[in-house]
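Peer 1: Pasting in a structure now, in structure tokens, and then I'll have a few things to ask.
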Amino acid sequence: MTGLVTAYGGVQLATLVDAPPTGENWLHEVKFDGYRLLGFVEEQEVLLLTRSGKDWTSAFPPLVAALSGLSVKDAVLDMEAVVLDAEGKSHFQDLQAALGEGGDSSKIVAYAFDLLHLNGKSLAGLPLLQRKEKLRGILRGKTLRYSEHVLGQGDEMFARACARGLEGIVSKVADAPYVAGRQKSWLKSKCGQRQEFIILGYSRARSGDRALGALYLGYRQAGTLRYAGKVGTGFSMQSALELTERFRPIMIAEPTLTRLAMGKLPAREWSEIQWLRPTLLCEVAFTEWTNDGRIRHPSFQGLREDKDASEVTQEVAQEVSMPTKNVGAMVIAGITITHPERVISETGHVTKGEVAEYYGAVAEWMLPGLVRRPISLLRCPSGIDSECFFQRNPGRGLGKDVHPFEFHNKGKRYEYLYIEDEKGLLEVAQMGAIELHPWGASIDAIDYPERLVFDLDPAPDVPFEALKLGAEDLRQRLLAKGLESMLKCTGGKGLHVTVHLEAKDKWPVAKAFAASVAEEMVAAVPDAYVATMSKEKRHGRIFIDYFRNDYTATSIADYSVRARPGAPVAVPLDWKELKMLKAADQFTMKDVLARMKRRKNDGAPKKYRIPSA
């Protein structure tokens, strides 16, 4: 065993980059959220070492059992120990709980992604794909799992990983050898900012029964400690109590940094810090680095005990500079659109570049209904004929002009993304977003909707002419209540009727009014309308979907392309156009651009208060 450890005592590390590399010679794997381990096996004897060389064999009984059961003479595996949730996602905090006192270590599994030695032979010099093929051949059971990969398509895999809430992906040169240390043949792309920090000190909560107020964080730059900010969220009462116990042996009286180095903290806050020897590490998730070197919106993830404090530096993503990155790229309003030739709809042969050019052309009309509103994106990185997925959470892959927005409602935490200008719109198009679905409220007044939306959704056997009659019926009922409405064909099969509001009434008021209108229509013509979500009751009827007026609900944006064959567009219409309308998906991007040349932007529509009952 000593000989194996000596030969393979260090792990290969990935370089952080701002986007996945392109090219078919790169393979891409999920970035797991756990502890990196080297597993050594010799004659059924097992040794588990962390990336810094600590012996953690006793901490992982399930992995020891699985490794000792391999049908090998000797082997060295590179892997990540994790705990998975019901959706198959790994969570560092769950792993810490499993390893802690009273934790259930049987939940721990490991994903093996490399094989450095097998049956007396070093494999480190072989191409990665050959090493992985040999690795797949020796793995058995559910505790030791093979880390799957895809060749090429790094941007698509990164998009899917971020949409699922994963940490990111690791990209590796498929034919490269294994080389210990940080290399550029392994690159990591993170969906959000996250790294280790040194805990410099802590403060107690000023009120309530919380054990901790905040942790004060740092990192090393050229050997010198730097202040990174503080984190006051992410730890439970139990974990906060456990942290304070861990702090007792390393408490010190003298400050680790000067008050000036920490940005001139207020005198009271400075006096309340309990300083610690800078030896203990924690992992923190955050949204970005500020200009003065602080982390924004941090959240504590757990202690890191597999690394040394001397290793902790500021992680800054490097720009990917692969020769093929921007071959054939186009630039619109300063935003680079890669692979503009990629076909996103075989019907009509619509390309990614055409979608981006379209969004740039209609931005003037589109942005008033999008800016500073939470947005859900329907992303189809490989085209609408392949896998598409919704994404509402921000991620690094979406560009610097796509911003995060976090809020709480009824005890639940929500995180959305929003944009403020044309650049943000084009950045989401660059990352394969086809459809944009905004909230009906601004992030500046999230509790007050700015519109009522009635989605008229016909059953398959309802003629389009009947749907048009339903839209006109709804318009007249709203006029009778003093409300002028606007019409939109959705680019799908239905029509939207919208009323713009003064944003002075809250969501429950808006939803209750919309429900009353829908129920009024059902009561008047029960054979034509239905206002419940039950599909069994929709046969031969138009579903009046008023649920678009609920908190967190969205609806398709004006002028948004739809992820449907031919890439039709959701288009606002004048009511006088309803008579000649043939289908809700009849407008293409070219049709809309032709309309824009003939029309002027009429500015903001008239806004209303919701009528009282």
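Numbering starts fresh at 1 for the residues of each chain in the structure tokens, the chains themselves are lettered A, B, ... in the order given, and ligands are numbered from 1 as they appear.
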Can you list, as a list in words, all residues belonging to range 474-595 of chain A that DSSP tags as strand (DSSP E or B)?

Peer 2: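 Taking range 474-595 of chain A and keeping strand (DSSP E or B) only, one gets Met486, Leu487, Lys488, Cys489, Leu495, His496, Val497, Thr498, Val499, His500, Leu501, Tyr529, Val530, Ile542, Phe543, Ile544, Asp545, Val561, Val569, Val571, Pro572 and Leu573 of chain A.
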
Peer 1: Selection from above, C-alpha atoms, as a short mmCIF file (atom, residue, chain, number, x, y, z; two decimals), in the first residue's frame, can you write it?

Peer 2:
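What ended up in selection.cif:
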data_model
loop_
_atom_site.label_atom_id
_atom_site.label_comp_id
_atom_site.auth_asym_id
_atom_site.auth_seq_id
_atom_site.Cartn_x
_atom_site.Cartn_y
_atom_site.Cartn_z
CA MET A 486 -55.73 43.79 -24.98
CA LEU A 487 -55.60 40.70 -27.17
CA LYS A 488 -52.68 38.39 -27.85
CA CYS A 489 -52.33 35.22 -29.88
CA LEU A 495 -55.51 33.45 -26.91
CA HIS A 496 -54.71 35.80 -24.05
CA VAL A 497 -56.90 38.69 -22.95
CA THR A 498 -54.97 41.11 -20.72
CA VAL A 499 -55.88 44.13 -18.59
CA HIS A 500 -53.07 46.44 -17.46
CA LEU A 501 -53.25 47.49 -13.81
CA TYR A 529 -66.64 27.41 -20.91
CA VAL A 530 -64.97 25.73 -17.98
CA ILE A 542 -62.73 26.62 -23.59
CA PHE A 543 -60.77 26.59 -20.34
CA ILE A 544 -60.69 30.13 -18.91
CA ASP A 545 -57.37 29.94 -17.09
CA VAL A 561 -40.71 33.02 -29.87
CA VAL A 569 -44.39 34.02 -32.09
CA VAL A 571 -48.08 38.55 -30.90
CA PRO A 572 -50.19 41.34 -29.36
CA LEU A 573 -53.05 42.31 -31.70
#

Peer 1: Can you list, as JSON, numbers by chain, every residue of range 454-580 of chain A that DSSP puts in helix (DSSP H, G or I)?

Peer 2: {"A": [464, 465, 466, 467, 468, 469, 470, 471, 472, 473, 474, 475, 476, 477, 478, 479, 480, 507, 508, 509, 510, 511, 512, 513, 514, 515, 516, 517, 518, 519, 520, 521, 522, 523, 524, 535, 536, 537, 547, 548, 549, 575, 576, 577, 578, 579, 580]}

Peer 1: What is the CA of Thr287 in chain A to CA of Leu16 in chain A distance in Å?

Peer 2: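 Atom-to-atom, CA of Thr287 in chain A to CA of Leu16 in chain A, that is 15.5 Å.
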
Peer 1: Using only C-alpha atoms, determine which residues lie at most 12 Å from Val525 in chain A, disregarding the query and same-chain residues fewer than 5 positions distant; provide the list as a list of chain:residue names.

Peer 2: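 The residues satisfying every condition are A:Gly470, A:Asp473, A:Leu474, A:Ala518, A:Glu519, A:Glu520, A:Val530, A:Ala531, A:Arg541, A:Ile542.
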
Peer 1: Put those residues in a file: N, CA, C and O atoms, as a compact mmCIF listing (two decimals), in the first residue's frame.

Peer 2:
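For reference, out.txt as written:
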# COMPACT_ATOMS: atom_id res chain seq x y z
N GLY A 470 -65.21 33.44 -27.96
CA GLY A 470 -64.99 33.47 -26.52
C GLY A 470 -64.16 34.67 -26.10
O GLY A 470 -64.42 35.30 -25.06
N ASP A 473 -66.38 37.71 -26.26
CA ASP A 473 -67.30 37.64 -25.11
C ASP A 473 -66.61 38.18 -23.86
O ASP A 473 -67.16 39.00 -23.11
N LEU A 474 -65.39 37.71 -23.61
CA LEU A 474 -64.65 38.15 -22.43
C LEU A 474 -64.35 39.64 -22.50
O LEU A 474 -64.47 40.37 -21.50
N ALA A 518 -64.28 34.63 -14.68
CA ALA A 518 -64.32 33.31 -15.31
C ALA A 518 -65.57 32.55 -14.90
O ALA A 518 -66.24 31.92 -15.74
N GLU A 519 -65.91 32.59 -13.63
CA GLU A 519 -67.09 31.86 -13.14
C GLU A 519 -68.38 32.47 -13.70
O GLU A 519 -69.36 31.76 -13.93
N GLU A 520 -68.37 33.78 -13.91
CA GLU A 520 -69.53 34.45 -14.52
C GLU A 520 -69.77 33.92 -15.93
O GLU A 520 -70.91 33.65 -16.32
N VAL A 530 -65.27 26.42 -19.22
CA VAL A 530 -64.97 25.73 -17.98
C VAL A 530 -63.86 26.52 -17.30
O VAL A 530 -62.99 27.10 -17.96
N ALA A 531 -63.88 26.56 -15.96
CA ALA A 531 -62.89 27.36 -15.22
C ALA A 531 -62.13 26.52 -14.21
O ALA A 531 -61.50 27.06 -13.30
N ARG A 541 -65.01 22.40 -24.68
CA ARG A 541 -65.12 23.70 -24.01
C ARG A 541 -63.80 24.48 -24.07
O ARG A 541 -62.75 23.94 -24.39
N ILE A 542 -63.89 25.73 -23.71
CA ILE A 542 -62.73 26.62 -23.59
C ILE A 542 -62.41 26.77 -22.10
O ILE A 542 -63.28 27.18 -21.32

Peer 1: Which one of A:Thr50, A:His539, A:Lys352, A:Leu187 sits closest to Asp527 in chain A if you count only C-alpha atoms?

Peer 2: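 Of A:Thr50, A:His539, A:Lys352, A:Leu187, the one nearest Asp527 in chain A is A:His539, counting only C-alpha atoms.
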
Peer 1: Kindly indicate which residue among A:Ile250, A:Leu67, A:Met157, A:Val30 lies nearest to Ile169 in chain A, using only C-alpha atoms for the distances.

Peer 2: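 Residue with the minimum atom-to-atom distance to Ile169 in chain A: A:Val30.
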
Peer 1: Quick one: residues within 12 Å of Ile138 in chain A, only C-alpha atoms counted, chain neighbours fewer than 2 positions away excluded, as an NGL selection string?

Peer 2: :A and (66-77 or 112 or 114-115 or 117-119 or 131-136 or 140-141 or 144-146)

Peer 1: Find the distance between CA of Trp289 in chain A and CA of Gly168 in chain A and write it in Å to one decimal.

Peer 2: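 Distance between the two atoms: 18.3 Å.
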
Peer 1: Counting only C-alpha atoms, figure out which residue out of A:Glu502, A:Glu305, A:Glu315, A:Glu406 gets nearest to Gln195 in chain A.

Peer 2: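 For Gln195 in chain A, the nearest of the given residues is A:Glu315.
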
Peer 1: Compile the contact shell of Pro127 in chain A as a ChimeraX atom specification: residues with an atom at most 10 Å away, counting only C-alpha atoms, same-chain residues fewer than 6 positions apart removed.

Peer 2: /A:173-178

Peer 1: Counting only C-alpha atoms, what is within 12 Å of Pro508 in chain A, bar same-chain residues fewer than 6 positions away, as a PyMOL selection string?

Peer 2: chain A and resi 447-449+452+514-515+546-551+610

Peer 1: Could you take the residues named above and write them with N, CA and C atoms, as a PDB file, in the first residue's frame?

Peer 2:
ATOM      1  N   ASP A 447     -45.437  42.289  -4.756  1.00  0.00           N
ATOM      2  CA  ASP A 447     -46.746  41.873  -4.244  1.00  0.00           C
ATOM      3  C   ASP A 447     -47.910  42.514  -4.990  1.00  0.00           C
ATOM      4  N   TYR A 448     -47.615  43.367  -5.962  1.00  0.00           N
ATOM      5  CA  TYR A 448     -48.671  44.131  -6.641  1.00  0.00           C
ATOM      6  C   TYR A 448     -48.625  43.868  -8.148  1.00  0.00           C
ATOM      7  N   PRO A 449     -49.521  43.035  -8.657  1.00  0.00           N
ATOM      8  CA  PRO A 449     -49.499  42.711 -10.091  1.00  0.00           C
ATOM      9  C   PRO A 449     -49.807  43.921 -10.962  1.00  0.00           C
ATOM     10  N   LEU A 452     -53.786  41.785 -15.378  1.00  0.00           N
ATOM     11  CA  LEU A 452     -54.651  40.610 -15.274  1.00  0.00           C
ATOM     12  C   LEU A 452     -54.504  39.831 -16.573  1.00  0.00           C
ATOM     13  N   ALA A 514     -60.348  37.890 -11.172  1.00  0.00           N
ATOM     14  CA  ALA A 514     -60.258  37.080 -12.393  1.00  0.00           C
ATOM     15  C   ALA A 514     -61.115  35.832 -12.279  1.00  0.00           C
ATOM     16  N   ALA A 515     -61.090  35.219 -11.098  1.00  0.00           N
ATOM     17  CA  ALA A 515     -61.914  34.023 -10.884  1.00  0.00           C
ATOM     18  C   ALA A 515     -63.394  34.351 -11.017  1.00  0.00           C
ATOM     19  N   TYR A 546     -57.661  31.462 -15.227  1.00  0.00           N
ATOM     20  CA  TYR A 546     -57.405  32.682 -14.453  1.00  0.00           C
ATOM     21  C   TYR A 546     -56.280  32.482 -13.446  1.00  0.00           C
ATOM     22  N   PHE A 547     -55.704  31.280 -13.399  1.00  0.00           N
ATOM     23  CA  PHE A 547     -54.642  30.979 -12.434  1.00  0.00           C
ATOM     24  C   PHE A 547     -53.327  31.685 -12.791  1.00  0.00           C
ATOM     25  N   ARG A 548     -53.273  32.300 -13.956  1.00  0.00           N
ATOM     26  CA  ARG A 548     -52.106  33.106 -14.330  1.00  0.00           C
ATOM     27  C   ARG A 548     -51.962  34.324 -13.415  1.00  0.00           C
ATOM     28  N   ASN A 549     -52.963  34.594 -12.599  1.00  0.00           N
ATOM     29  CA  ASN A 549     -52.963  35.763 -11.731  1.00  0.00           C
ATOM     30  C   ASN A 549     -52.631  35.397 -10.287  1.00  0.00           C
ATOM     31  N   ASP A 550     -51.839  34.341 -10.120  1.00  0.00           N
ATOM     32  CA  ASP A 550     -51.430  33.892  -8.790  1.00  0.00           C
ATOM     33  C   ASP A 550     -49.966  34.251  -8.557  1.00  0.00           C
ATOM     34  N   TYR A 551     -49.582  34.312  -7.292  1.00  0.00           N
ATOM     35  CA  TYR A 551     -48.196  34.590  -6.925  1.00  0.00           C
ATOM     36  C   TYR A 551     -47.280  33.541  -7.547  1.00  0.00           C
ATOM     37  N   ILE A 610     -58.483  47.394  -9.934  1.00  0.00           N
ATOM     38  CA  ILE A 610     -59.421  46.276  -9.987  1.00  0.00           C
ATOM     39  C   ILE A 610     -60.753  46.716  -9.388  1.00  0.00           C
TER      40      ILE A 610
END

Peer 1: Within 10 Å of Leu280 in chain A, counting only C-alpha atoms, which residues qualify if same-chain residues fewer than 4 places away don't, as a PDB file with all heavy atoms, in the first residue's frame?

Peer 2:
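As a result, result23.pdb now contains:
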ATOM      1  N   PHE A 197     -13.626  29.378   2.345  1.00  0.00           N
ATOM      2  CA  PHE A 197     -13.070  30.557   2.990  1.00  0.00           C
ATOM      3  C   PHE A 197     -12.530  30.172   4.367  1.00  0.00           C
ATOM      4  O   PHE A 197     -12.972  29.188   4.982  1.00  0.00           O
ATOM      5  CB  PHE A 197     -14.132  31.650   3.152  1.00  0.00           C
ATOM      6  CG  PHE A 197     -14.554  32.282   1.867  1.00  0.00           C
ATOM      7  CD1 PHE A 197     -15.711  31.875   1.229  1.00  0.00           C
ATOM      8  CD2 PHE A 197     -13.782  33.281   1.276  1.00  0.00           C
ATOM      9  CE1 PHE A 197     -16.100  32.440   0.034  1.00  0.00           C
ATOM     10  CE2 PHE A 197     -14.165  33.852   0.076  1.00  0.00           C
ATOM     11  CZ  PHE A 197     -15.323  33.433  -0.552  1.00  0.00           C
ATOM     12  N   ILE A 198     -11.576  30.964   4.842  1.00  0.00           N
ATOM     13  CA  ILE A 198     -11.052  30.801   6.198  1.00  0.00           C
ATOM     14  C   ILE A 198     -11.968  31.564   7.148  1.00  0.00           C
ATOM     15  O   ILE A 198     -12.334  32.709   6.893  1.00  0.00           O
ATOM     16  CB  ILE A 198      -9.625  31.361   6.289  1.00  0.00           C
ATOM     17  CG1 ILE A 198      -8.722  30.693   5.251  1.00  0.00           C
ATOM     18  CG2 ILE A 198      -9.055  31.168   7.685  1.00  0.00           C
ATOM     19  CD1 ILE A 198      -7.390  31.399   5.070  1.00  0.00           C
ATOM     20  N   ILE A 199     -12.358  30.930   8.264  1.00  0.00           N
ATOM     21  CA  ILE A 199     -13.183  31.607   9.267  1.00  0.00           C
ATOM     22  C   ILE A 199     -12.251  32.411  10.176  1.00  0.00           C
ATOM     23  O   ILE A 199     -11.444  31.846  10.912  1.00  0.00           O
ATOM     24  CB  ILE A 199     -14.006  30.603  10.089  1.00  0.00           C
ATOM     25  CG1 ILE A 199     -14.874  29.748   9.156  1.00  0.00           C
ATOM     26  CG2 ILE A 199     -14.886  31.348  11.099  1.00  0.00           C
ATOM     27  CD1 ILE A 199     -15.659  28.662   9.871  1.00  0.00           C
ATOM     28  N   LEU A 200     -12.360  33.722  10.114  1.00  0.00           N
ATOM     29  CA  LEU A 200     -11.504  34.608  10.901  1.00  0.00           C
ATOM     30  C   LEU A 200     -12.072  34.888  12.283  1.00  0.00           C
ATOM     31  O   LEU A 200     -11.317  35.163  13.233  1.00  0.00           O
ATOM     32  CB  LEU A 200     -11.324  35.941  10.165  1.00  0.00           C
ATOM     33  CG  LEU A 200     -10.813  35.861   8.723  1.00  0.00           C
ATOM     34  CD1 LEU A 200     -10.759  37.253   8.121  1.00  0.00           C
ATOM     35  CD2 LEU A 200      -9.445  35.197   8.679  1.00  0.00           C
ATOM     36  N   GLY A 201     -13.375  34.851  12.405  1.00  0.00           N
ATOM     37  CA  GLY A 201     -14.021  35.129  13.677  1.00  0.00           C
ATOM     38  C   GLY A 201     -15.521  35.007  13.534  1.00  0.00           C
ATOM     39  O   GLY A 201     -16.035  34.683  12.451  1.00  0.00           O
ATOM     40  N   ARG A 246     -16.965  24.024  18.114  1.00  0.00           N
ATOM     41  CA  ARG A 246     -15.728  23.848  17.359  1.00  0.00           C
ATOM     42  C   ARG A 246     -14.801  25.058  17.520  1.00  0.00           C
ATOM     43  O   ARG A 246     -13.583  24.949  17.398  1.00  0.00           O
ATOM     44  CB  ARG A 246     -16.035  23.632  15.876  1.00  0.00           C
ATOM     45  CG  ARG A 246     -16.666  22.296  15.543  1.00  0.00           C
ATOM     46  CD  ARG A 246     -15.682  21.152  15.780  1.00  0.00           C
ATOM     47  NE  ARG A 246     -14.453  21.319  15.031  1.00  0.00           N
ATOM     48  CZ  ARG A 246     -14.263  20.888  13.786  1.00  0.00           C
ATOM     49  NH1 ARG A 246     -15.255  20.276  13.151  1.00  0.00           N
ATOM     50  NH2 ARG A 246     -13.100  21.051  13.186  1.00  0.00           N
ATOM     51  N   PHE A 247     -15.397  26.218  17.759  1.00  0.00           N
ATOM     52  CA  PHE A 247     -14.608  27.446  17.852  1.00  0.00           C
ATOM     53  C   PHE A 247     -13.836  27.563  19.167  1.00  0.00           C
ATOM     54  O   PHE A 247     -12.811  28.256  19.223  1.00  0.00           O
ATOM     55  CB  PHE A 247     -15.513  28.671  17.699  1.00  0.00           C
ATOM     56  CG  PHE A 247     -16.135  28.817  16.331  1.00  0.00           C
ATOM     57  CD1 PHE A 247     -17.289  29.570  16.161  1.00  0.00           C
ATOM     58  CD2 PHE A 247     -15.574  28.205  15.217  1.00  0.00           C
ATOM     59  CE1 PHE A 247     -17.864  29.710  14.911  1.00  0.00           C
ATOM     60  CE2 PHE A 247     -16.149  28.339  13.963  1.00  0.00           C
ATOM     61  CZ  PHE A 247     -17.298  29.092  13.805  1.00  0.00           C
ATOM     62  N   ILE A 250      -9.982  27.312  19.428  1.00  0.00           N
ATOM     63  CA  ILE A 250      -9.162  28.163  18.561  1.00  0.00           C
ATOM     64  C   ILE A 250      -9.456  29.649  18.759  1.00  0.00           C
ATOM     65  O   ILE A 250      -9.071  30.484  17.941  1.00  0.00           O
ATOM     66  CB  ILE A 250      -9.340  27.777  17.071  1.00  0.00           C
ATOM     67  CG1 ILE A 250     -10.804  27.885  16.629  1.00  0.00           C
ATOM     68  CG2 ILE A 250      -8.804  26.383  16.806  1.00  0.00           C
ATOM     69  CD1 ILE A 250     -10.989  27.666  15.122  1.00  0.00           C
ATOM     70  N   LEU A 276     -10.673  34.112  15.878  1.00  0.00           N
ATOM     71  CA  LEU A 276     -10.258  32.711  15.866  1.00  0.00           C
ATOM     72  C   LEU A 276      -8.921  32.580  15.144  1.00  0.00           C
ATOM     73  O   LEU A 276      -8.611  33.386  14.253  1.00  0.00           O
ATOM     74  CB  LEU A 276     -11.300  31.848  15.136  1.00  0.00           C
ATOM     75  CG  LEU A 276     -12.744  31.927  15.630  1.00  0.00           C
ATOM     76  CD1 LEU A 276     -13.654  31.172  14.664  1.00  0.00           C
ATOM     77  CD2 LEU A 276     -12.890  31.368  17.034  1.00  0.00           C
ATOM     78  N   LEU A 303     -18.639  23.144   7.020  1.00  0.00           N
ATOM     79  CA  LEU A 303     -17.200  23.181   7.232  1.00  0.00           C
ATOM     80  C   LEU A 303     -16.507  22.324   6.193  1.00  0.00           C
ATOM     81  O   LEU A 303     -17.048  21.319   5.723  1.00  0.00           O
ATOM     82  CB  LEU A 303     -16.847  22.676   8.632  1.00  0.00           C
ATOM     83  CG  LEU A 303     -17.297  23.533   9.809  1.00  0.00           C
ATOM     84  CD1 LEU A 303     -16.901  22.866  11.122  1.00  0.00           C
ATOM     85  CD2 LEU A 303     -16.695  24.935   9.739  1.00  0.00           C
ATOM     86  N   ARG A 304     -15.279  22.707   5.809  1.00  0.00           N
ATOM     87  CA  ARG A 304     -14.450  21.898   4.924  1.00  0.00           C
ATOM     88  C   ARG A 304     -13.236  21.462   5.733  1.00  0.00           C
ATOM     89  O   ARG A 304     -12.442  22.297   6.163  1.00  0.00           O
ATOM     90  CB  ARG A 304     -13.959  22.707   3.721  1.00  0.00           C
ATOM     91  CG  ARG A 304     -15.033  23.209   2.814  1.00  0.00           C
ATOM     92  CD  ARG A 304     -15.603  22.322   1.789  1.00  0.00           C
ATOM     93  NE  ARG A 304     -14.938  21.172   1.323  1.00  0.00           N
ATOM     94  CZ  ARG A 304     -15.366  20.487   0.259  1.00  0.00           C
ATOM     95  NH1 ARG A 304     -16.406  20.904  -0.427  1.00  0.00           N
ATOM     96  NH2 ARG A 304     -14.758  19.399  -0.111  1.00  0.00           N
ATOM     97  N   GLU A 305     -13.105  20.170   5.921  1.00  0.00           N
ATOM     98  CA  GLU A 305     -11.999  19.661   6.717  1.00  0.00           C
ATOM     99  C   GLU A 305     -11.055  18.788   5.899  1.00  0.00           C
ATOM    100  O   GLU A 305     -10.169  18.144   6.438  1.00  0.00           O
ATOM    101  CB  GLU A 305     -12.552  18.880   7.914  1.00  0.00           C
ATOM    102  CG  GLU A 305     -13.451  19.753   8.784  1.00  0.00           C
ATOM    103  CD  GLU A 305     -13.929  19.065  10.041  1.00  0.00           C
ATOM    104  OE1 GLU A 305     -13.100  18.890  10.944  1.00  0.00           O
ATOM    105  OE2 GLU A 305     -15.114  18.703  10.096  1.00  0.00           O
ATOM    106  N   LYS A 307      -9.279  20.140   3.375  1.00  0.00           N
ATOM    107  CA  LYS A 307      -8.320  21.041   2.763  1.00  0.00           C
ATOM    108  C   LYS A 307      -7.588  21.821   3.844  1.00  0.00           C
ATOM    109  O   LYS A 307      -8.045  21.932   4.980  1.00  0.00           O
ATOM    110  CB  LYS A 307      -9.028  21.998   1.793  1.00  0.00           C
ATOM    111  CG  LYS A 307      -9.780  21.282   0.675  1.00  0.00           C
ATOM    112  CD  LYS A 307     -10.472  22.250  -0.259  1.00  0.00           C
ATOM    113  CE  LYS A 307     -11.265  21.497  -1.328  1.00  0.00           C
ATOM    114  NZ  LYS A 307     -11.951  22.422  -2.249  1.00  0.00           N
ATOM    115  N   ASP A 308      -6.470  22.423   3.447  1.00  0.00           N
ATOM    116  CA  ASP A 308      -5.656  23.202   4.362  1.00  0.00           C
ATOM    117  C   ASP A 308      -5.898  24.688   4.135  1.00  0.00           C
ATOM    118  O   ASP A 308      -6.102  25.119   2.994  1.00  0.00           O
ATOM    119  CB  ASP A 308      -4.179  22.872   4.151  1.00  0.00           C
ATOM    120  CG  ASP A 308      -3.307  23.476   5.244  1.00  0.00           C
ATOM    121  OD1 ASP A 308      -3.103  22.809   6.270  1.00  0.00           O
ATOM    122  OD2 ASP A 308      -2.834  24.611   5.039  1.00  0.00           O
ATOM    123  N   ALA A 309      -5.851  25.477   5.206  1.00  0.00           N
ATOM    124  CA  ALA A 309      -6.129  26.911   5.101  1.00  0.00           C
ATOM    125  C   ALA A 309      -5.149  27.613   4.167  1.00  0.00           C
ATOM    126  O   ALA A 309      -5.493  28.622   3.538  1.00  0.00           O
ATOM    127  CB  ALA A 309      -6.091  27.558   6.484  1.00  0.00           C
TER     128      ALA A 309
END

Peer 1: Ranking A:Val350, A:Val231, A:Leu483, A:Cys282 by minimum distance to Ser299 in chain A and counting only C-alpha atoms, which one comes first?

Peer 2: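 Ranking A:Val350, A:Val231, A:Leu483, A:Cys282 by distance to Ser299 in chain A, first place goes to A:Val231.
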
Peer 1: To one decimal in Å, tell me the separation between CA of Thr258 in chain A and CA of Ser310 in chain A.

Peer 2: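 That distance, rounded to one decimal, is 19.8 Å.
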